[in-house]
Amino acid sequence: MMDRRGFLATAAALPASVASVLPFRPARPPVAPRAGSAERFGLSLSQWSYHRSIFGDSRADYDRYLHLLATDPDAVLQGDMDPRDIVVRARELDLDTVDLVNVLFYGHGADGPWLAEFGRRARAERVGFGILMIDEAGSIGASDAAERAAAIARHRLWLDCAVTLGCTAIRVNAYGDGTYLAQLRQCAESLAVLGDLGAEAGLDVLVENHGHPSSNGAWLAMLMEATAHPRVGVLADFDNFFMGGWNHDPQRRYDSVQGMLDLAPYTRAVSAKSYDFRADGRETRVDFHQAMQIVLDAGFDGLASAEYEGEHLSEADGTRATVALLRTVRQDLRTH
């Protein structure tokens, strides 16, 4: 069994061995939150809000989708929207920041010309990039140390992509195996390495409550305490407090209000997840006012990312309703 020192050495060596794919860029200073001085928090747009427009029906057969993602990633882009047009959608909503999802352009993480064109389109729309969410890059909490080190290597390539695009943070998943305690220790070791890489690049490394142990608010809070790295924090999703996998029926839920209270002290960005809306514009599952008040009370002053996940409205209409609700919440909480 590899000890901590051996694991850290292996993890440090593996990224260097693949760095020639896309050379790692020099360090840069941390980027301040984009929230304006007159507002308590800023707004951004999650690229995932348009995942159906980008993927089309490619995720209907999920096993085939994963196979294509690994072997021919552009083949999953079966929708009528170019992933890079998310910056146009943001400008239409009068938003100047987009949060990206790597699987929506999985084949282009090290594609210099493609990324340069993405940046050109963003500048033309006067839009910047916030978080790059990293999926399908291995388990940073795996019980096997070599597997964890390989996952860090794969994350480093996307971290460099985030630097290329001018992002302020990456989002990682705290996935692994073993007991909750074992996964906590294993994830903390990996996050320490990723935090150091983030510090070199001027990026925060955020963990989202995103299934498995991470959707247990107390567990994720303890992971932050165990990691204790200045560059490591939380991307708090309003609704991702379901535990275990995605296919439990019924879902195993962790109380969402308690979860937001657990995560608020470590929260550096918010995923404002929405599904459907009442006649007054409020979300049917999540009390946006309450969720934002919890993080604001803990000192939050970052960005709330509009992420429409519903099926009753079009992606454009659902996203527009989510942004409108966030603006209402921001106005209502401005004087509180």
# chains A, B, ... in the order shown; residues from 1 in each chain; ligands from 1
call {"tool": "closest_atom_pairs", "arguments": {"of": "segment 133-178 of chain A", "to": "segment 200-211 of chain A", "cutoff": "12 Å", "atoms": "only C-alpha atoms", "output": "Markdown table"}}
result
| residue | atom | partner | partner_atom | distance |
| --- | --- | --- | --- | --- |
| A:Met133 | CA | A:Leu206 | CA | 8.9 |
| A:Ile134 | CA | A:Val207 | CA | 10.1 |
| A:Asp135 | CA | A:His210 | CA | 10.6 |
| A:Ile140 | CA | A:Val207 | CA | 11.1 |
| A:His155 | CA | A:Val205 | CA | 10.6 |
| A:Arg156 | CA | A:Ala201 | CA | 10.4 |
| A:Trp158 | CA | A:Val205 | CA | 11.8 |
| A:Leu159 | CA | A:Ala201 | CA | 8.2 |
| A:Asp160 | CA | A:Ala201 | CA | 8.0 |
| A:Cys161 | CA | A:Ala201 | CA | 10.8 |
| A:Ala162 | CA | A:Leu203 | CA | 8.4 |
| A:Val163 | CA | A:Ala201 | CA | 6.9 |
| A:Thr164 | CA | A:Ala201 | CA | 10.2 |
| A:Leu165 | CA | A:Leu203 | CA | 11.8 |
| A:Gly166 | CA | A:Leu203 | CA | 9.5 |
| A:Cys167 | CA | A:Leu203 | CA | 7.5 |
| A:Thr168 | CA | A:Leu203 | CA | 5.3 |
| A:Ala169 | CA | A:Asp204 | CA | 4.4 |
| A:Ile170 | CA | A:Val205 | CA | 5.2 |
| A:Arg171 | CA | A:Leu206 | CA | 4.6 |
| A:Val172 | CA | A:Val207 | CA | 5.2 |
| A:Asn173 | CA | A:Val207 | CA | 5.9 |
| A:Ala174 | CA | A:Val207 | CA | 6.7 |
| A:Tyr175 | CA | A:Gly211 | CA | 8.3 |
| A:Gly176 | CA | A:Gly211 | CA | 11.2 |
call {"tool": "residues_around", "arguments": {"residues": "segment 314-317 of chain A", "least_positions_apart": "5", "cutoff": "8 Å", "atoms": "only C-alpha atoms", "output": "VMD selection string"}}
result
chain A and resid 49 to 50 52 to 53 308
call {"tool": "closest_residue", "arguments": {"among": "A:Asp74, A:Asp111, A:Asp63, A:Asp280", "to": "Leu157 of chain A", "atoms": "only C-alpha atoms"}}
result
A:Asp111
call {"tool": "residues_around", "arguments": {"residues": "segment 283-287 of chain A", "least_positions_apart": "6", "cutoff": "7 Å", "atoms": "only C-alpha atoms", "output": "ChimeraX atom specification"}}
result
/A:238,274,276-277
call {"tool": "closest_residue", "arguments": {"among": "A:Gly128, A:Leu235, A:Leu197, A:Leu77", "to": "Arg59 of chain A", "atoms": "only C-alpha atoms"}}
result
A:Leu77
call {"tool": "atom_distance", "arguments": {"atom1": "atom CA of Pro230 of chain A", "atom2": "atom CA of Pro213 of chain A"}}
result
22.2 Å
call {"tool": "select_by_dssp", "arguments": {"residues": "segment 208-322 of chain A", "states": "strand (DSSP E)", "output": "count of residues only"}}
result
25
call {"tool": "residues_around", "arguments": {"residues": "Val323 of chain A", "least_positions_apart": "3", "cutoff": "6 Å", "atoms": "only C-alpha atoms", "output": "ChimeraX atom specification"}}
result
/A:306,320,326
call {"tool": "write_last_selection", "arguments": {"atoms": "all heavy atoms", "output": "tab-separated table (two decimals), in the first residue's frame"}}
result
chain	number	residue	atom	x	y	z
A	306	ALA	N	-26.87	30.26	-13.15
A	306	ALA	CA	-28.20	29.79	-13.55
A	306	ALA	C	-28.08	28.47	-14.29
A	306	ALA	O	-27.45	28.40	-15.35
A	306	ALA	CB	-28.88	30.83	-14.42
A	320	ARG	N	-34.10	31.48	-19.08
A	320	ARG	CA	-34.51	32.87	-18.91
A	320	ARG	C	-35.29	33.05	-17.59
A	320	ARG	O	-35.08	34.03	-16.86
A	320	ARG	CB	-35.38	33.30	-20.09
A	320	ARG	CG	-35.70	34.80	-20.13
A	320	ARG	CD	-36.51	35.17	-21.37
A	320	ARG	NE	-35.77	34.84	-22.59
A	320	ARG	CZ	-36.11	33.85	-23.41
A	320	ARG	NH1	-37.18	33.08	-23.15
A	320	ARG	NH2	-35.41	33.62	-24.50
A	326	LEU	N	-33.29	34.77	-10.22
A	326	LEU	CA	-32.08	35.18	-9.50
A	326	LEU	C	-32.00	36.70	-9.39
A	326	LEU	O	-31.57	37.22	-8.35
A	326	LEU	CB	-30.84	34.62	-10.20
A	326	LEU	CG	-30.55	33.15	-9.96
A	326	LEU	CD1	-29.46	32.65	-10.90
A	326	LEU	CD2	-30.14	32.90	-8.50
call {"tool": "atom_distance", "arguments": {"atom1": "atom CA of Asp72 of chain A", "atom2": "atom CA of Gly107 of chain A"}}
result
7.6 Å
call {"tool": "residues_around", "arguments": {"residues": "Ala188 of chain A", "least_positions_apart": "4", "cutoff": "10 Å", "atoms": "only C-alpha atoms", "output": "mmCIF file with all heavy atoms, in the first residue's frame"}}
result
data_model
loop_
_atom_site.group_PDB
_atom_site.id
_atom_site.type_symbol
_atom_site.label_atom_id
_atom_site.label_comp_id
_atom_site.auth_asym_id
_atom_site.auth_seq_id
_atom_site.Cartn_x
_atom_site.Cartn_y
_atom_site.Cartn_z
ATOM 1 N N ILE A 140 -10.879 10.923 -8.076
ATOM 2 C CA ILE A 140 -9.816 11.436 -7.205
ATOM 3 C C ILE A 140 -9.853 10.780 -5.827
ATOM 4 O O ILE A 140 -8.895 10.904 -5.059
ATOM 5 C CB ILE A 140 -9.885 12.964 -7.064
ATOM 6 C CG1 ILE A 140 -11.151 13.396 -6.306
ATOM 7 C CG2 ILE A 140 -9.794 13.639 -8.426
ATOM 8 C CD1 ILE A 140 -11.147 14.866 -5.911
ATOM 9 N N GLY A 141 -10.954 10.063 -5.524
ATOM 10 C CA GLY A 141 -11.066 9.385 -4.239
ATOM 11 C C GLY A 141 -10.933 7.879 -4.340
ATOM 12 O O GLY A 141 -11.349 7.154 -3.433
ATOM 13 N N ALA A 174 -15.911 14.621 -6.087
ATOM 14 C CA ALA A 174 -15.287 13.830 -5.021
ATOM 15 C C ALA A 174 -15.819 12.410 -5.072
ATOM 16 O O ALA A 174 -16.567 11.963 -4.199
ATOM 17 C CB ALA A 174 -15.551 14.464 -3.655
ATOM 18 N N ALA A 182 -12.899 6.425 4.405
ATOM 19 C CA ALA A 182 -11.785 6.163 3.499
ATOM 20 C C ALA A 182 -11.836 7.119 2.302
ATOM 21 O O ALA A 182 -10.805 7.668 1.885
ATOM 22 C CB ALA A 182 -11.817 4.714 3.028
ATOM 23 N N GLN A 183 -13.030 7.319 1.755
ATOM 24 C CA GLN A 183 -13.140 8.218 0.605
ATOM 25 C C GLN A 183 -12.784 9.650 0.993
ATOM 26 O O GLN A 183 -12.191 10.391 0.198
ATOM 27 C CB GLN A 183 -14.556 8.161 0.034
ATOM 28 C CG GLN A 183 -14.868 6.851 -0.666
ATOM 29 C CD GLN A 183 -16.221 6.866 -1.331
ATOM 30 O OE1 GLN A 183 -16.483 7.666 -2.218
ATOM 31 N NE2 GLN A 183 -17.096 5.966 -0.900
ATOM 32 N N LEU A 184 -13.141 10.037 2.210
ATOM 33 C CA LEU A 184 -12.780 11.377 2.660
ATOM 34 C C LEU A 184 -11.266 11.551 2.675
ATOM 35 O O LEU A 184 -10.725 12.552 2.183
ATOM 36 C CB LEU A 184 -13.385 11.637 4.040
ATOM 37 C CG LEU A 184 -13.259 13.068 4.580
ATOM 38 C CD1 LEU A 184 -14.484 13.425 5.417
ATOM 39 C CD2 LEU A 184 -12.011 13.240 5.431
ATOM 40 N N ALA A 192 -5.437 18.107 -2.095
ATOM 41 C CA ALA A 192 -4.238 18.855 -1.717
ATOM 42 C C ALA A 192 -3.329 19.062 -2.921
ATOM 43 O O ALA A 192 -2.771 20.148 -3.130
ATOM 44 C CB ALA A 192 -3.499 18.125 -0.600
ATOM 45 N N VAL A 193 -3.187 18.021 -3.746
ATOM 46 C CA VAL A 193 -2.362 18.133 -4.952
ATOM 47 C C VAL A 193 -3.014 19.080 -5.952
ATOM 48 O O VAL A 193 -2.364 19.973 -6.509
ATOM 49 C CB VAL A 193 -2.141 16.746 -5.588
ATOM 50 C CG1 VAL A 193 -1.353 16.872 -6.887
ATOM 51 C CG2 VAL A 193 -1.431 15.815 -4.622
ATOM 52 N N LEU A 194 -4.315 18.898 -6.188
ATOM 53 C CA LEU A 194 -5.020 19.763 -7.128
ATOM 54 C C LEU A 194 -5.023 21.214 -6.648
ATOM 55 O O LEU A 194 -4.934 22.143 -7.454
ATOM 56 C CB LEU A 194 -6.445 19.268 -7.329
ATOM 57 C CG LEU A 194 -6.583 17.961 -8.118
ATOM 58 C CD1 LEU A 194 -8.014 17.434 -8.026
ATOM 59 C CD2 LEU A 194 -6.181 18.160 -9.574
ATOM 60 N N MET A 222 -16.829 18.155 6.067
ATOM 61 C CA MET A 222 -15.668 17.529 6.701
ATOM 62 C C MET A 222 -14.513 17.367 5.716
ATOM 63 O O MET A 222 -13.345 17.487 6.093
ATOM 64 C CB MET A 222 -16.060 16.179 7.298
ATOM 65 C CG MET A 222 -16.902 16.289 8.554
ATOM 66 S SD MET A 222 -17.138 14.702 9.411
ATOM 67 C CE MET A 222 -18.269 13.884 8.276
ATOM 68 N N LEU A 223 -14.836 17.114 4.434
ATOM 69 C CA LEU A 223 -13.777 17.024 3.426
ATOM 70 C C LEU A 223 -13.054 18.360 3.304
ATOM 71 O O LEU A 223 -11.824 18.395 3.169
ATOM 72 C CB LEU A 223 -14.376 16.612 2.081
ATOM 73 C CG LEU A 223 -13.396 16.551 0.910
ATOM 74 C CD1 LEU A 223 -12.274 15.555 1.177
ATOM 75 C CD2 LEU A 223 -14.123 16.194 -0.388
ATOM 76 N N MET A 224 -13.786 19.457 3.353
ATOM 77 C CA MET A 224 -13.143 20.771 3.301
ATOM 78 C C MET A 224 -12.231 20.979 4.507
ATOM 79 O O MET A 224 -11.113 21.489 4.388
ATOM 80 C CB MET A 224 -14.202 21.876 3.253
ATOM 81 C CG MET A 224 -15.000 21.935 1.962
ATOM 82 S SD MET A 224 -14.003 22.245 0.484
ATOM 83 C CE MET A 224 -13.901 20.579 -0.226
ATOM 84 N N GLU A 225 -12.690 20.570 5.685
ATOM 85 C CA GLU A 225 -11.866 20.697 6.884
ATOM 86 C C GLU A 225 -10.622 19.815 6.803
ATOM 87 O O GLU A 225 -9.530 20.208 7.207
ATOM 88 C CB GLU A 225 -12.686 20.337 8.125
ATOM 89 C CG GLU A 225 -13.819 21.299 8.428
ATOM 90 C CD GLU A 225 -13.330 22.648 8.914
ATOM 91 O OE1 GLU A 225 -12.223 22.704 9.506
ATOM 92 O OE2 GLU A 225 -14.039 23.656 8.690
ATOM 93 N N ALA A 226 -10.791 18.606 6.266
ATOM 94 C CA ALA A 226 -9.656 17.687 6.159
ATOM 95 C C ALA A 226 -8.635 18.171 5.139
ATOM 96 O O ALA A 226 -7.429 17.986 5.309
ATOM 97 C CB ALA A 226 -10.148 16.287 5.785
ATOM 98 N N THR A 227 -9.101 18.804 4.072
ATOM 99 C CA THR A 227 -8.197 19.295 3.033
ATOM 100 C C THR A 227 -7.513 20.580 3.467
ATOM 101 O O THR A 227 -6.289 20.722 3.329
ATOM 102 C CB THR A 227 -8.977 19.540 1.723
ATOM 103 O OG1 THR A 227 -9.663 18.348 1.348
ATOM 104 C CG2 THR A 227 -8.041 19.966 0.610
ATOM 105 N N ALA A 228 -8.283 21.520 3.988
ATOM 106 C CA ALA A 228 -7.746 22.770 4.549
ATOM 107 C C ALA A 228 -6.725 23.425 3.628
ATOM 108 O O ALA A 228 -5.625 23.778 4.037
ATOM 109 C CB ALA A 228 -7.134 22.504 5.932
ATOM 110 N N HIS A 229 -7.098 23.583 2.360
ATOM 111 C CA HIS A 229 -6.220 24.222 1.385
ATOM 112 C C HIS A 229 -6.834 25.554 0.977
ATOM 113 O O HIS A 229 -8.031 25.617 0.671
ATOM 114 C CB HIS A 229 -6.046 23.323 0.162
ATOM 115 C CG HIS A 229 -4.919 23.729 -0.733
ATOM 116 N ND1 HIS A 229 -4.931 24.883 -1.492
ATOM 117 C CD2 HIS A 229 -3.715 23.128 -0.987
ATOM 118 C CE1 HIS A 229 -3.807 24.985 -2.170
ATOM 119 N NE2 HIS A 229 -3.057 23.937 -1.892
#
call {"tool": "residues_around", "arguments": {"residues": "Ala218 of chain A", "least_positions_apart": "3", "cutoff": "9 Å", "atoms": "only C-alpha atoms", "output": "PyMOL selection string"}}
result
chain A and resi 214-215+221-223+258-259+262-263
call {"tool": "write_last_selection", "arguments": {"atoms": "N, CA and C atoms", "output": "short mmCIF file (atom, residue, chain, number, x, y, z; two decimals), in the first residue's frame"}}
result
data_model
loop_
_atom_site.label_atom_id
_atom_site.label_comp_id
_atom_site.auth_asym_id
_atom_site.auth_seq_id
_atom_site.Cartn_x
_atom_site.Cartn_y
_atom_site.Cartn_z
N SER A 214 -20.55 13.10 -1.64
CA SER A 214 -20.50 14.56 -1.70
C SER A 214 -21.87 15.21 -1.54
N SER A 215 -22.95 14.45 -1.77
CA SER A 215 -24.29 15.01 -1.59
C SER A 215 -24.76 14.95 -0.13
N ALA A 221 -18.56 18.99 4.03
CA ALA A 221 -17.98 19.98 4.94
C ALA A 221 -16.74 19.41 5.64
N MET A 222 -16.83 18.16 6.07
CA MET A 222 -15.67 17.53 6.70
C MET A 222 -14.51 17.37 5.72
N LEU A 223 -14.84 17.11 4.43
CA LEU A 223 -13.78 17.02 3.43
C LEU A 223 -13.05 18.36 3.30
N GLN A 258 -30.40 21.91 5.40
CA GLN A 258 -29.25 21.57 6.25
C GLN A 258 -27.99 21.49 5.41
N GLY A 259 -28.12 20.94 4.20
CA GLY A 259 -26.95 20.85 3.33
C GLY A 259 -26.38 22.21 2.99
N ASP A 262 -24.57 23.45 5.96
CA ASP A 262 -23.30 22.75 6.12
C ASP A 262 -22.22 23.35 5.21
N LEU A 263 -22.61 23.64 3.96
CA LEU A 263 -21.63 24.02 2.94
C LEU A 263 -21.36 25.51 2.87
#
call {"tool": "closest_residue", "arguments": {"among": "A:Leu45, A:Leu191, A:Ile54, A:Met243", "to": "Leu104 of chain A", "atoms": "only C-alpha atoms"}}
result
A:Ile54
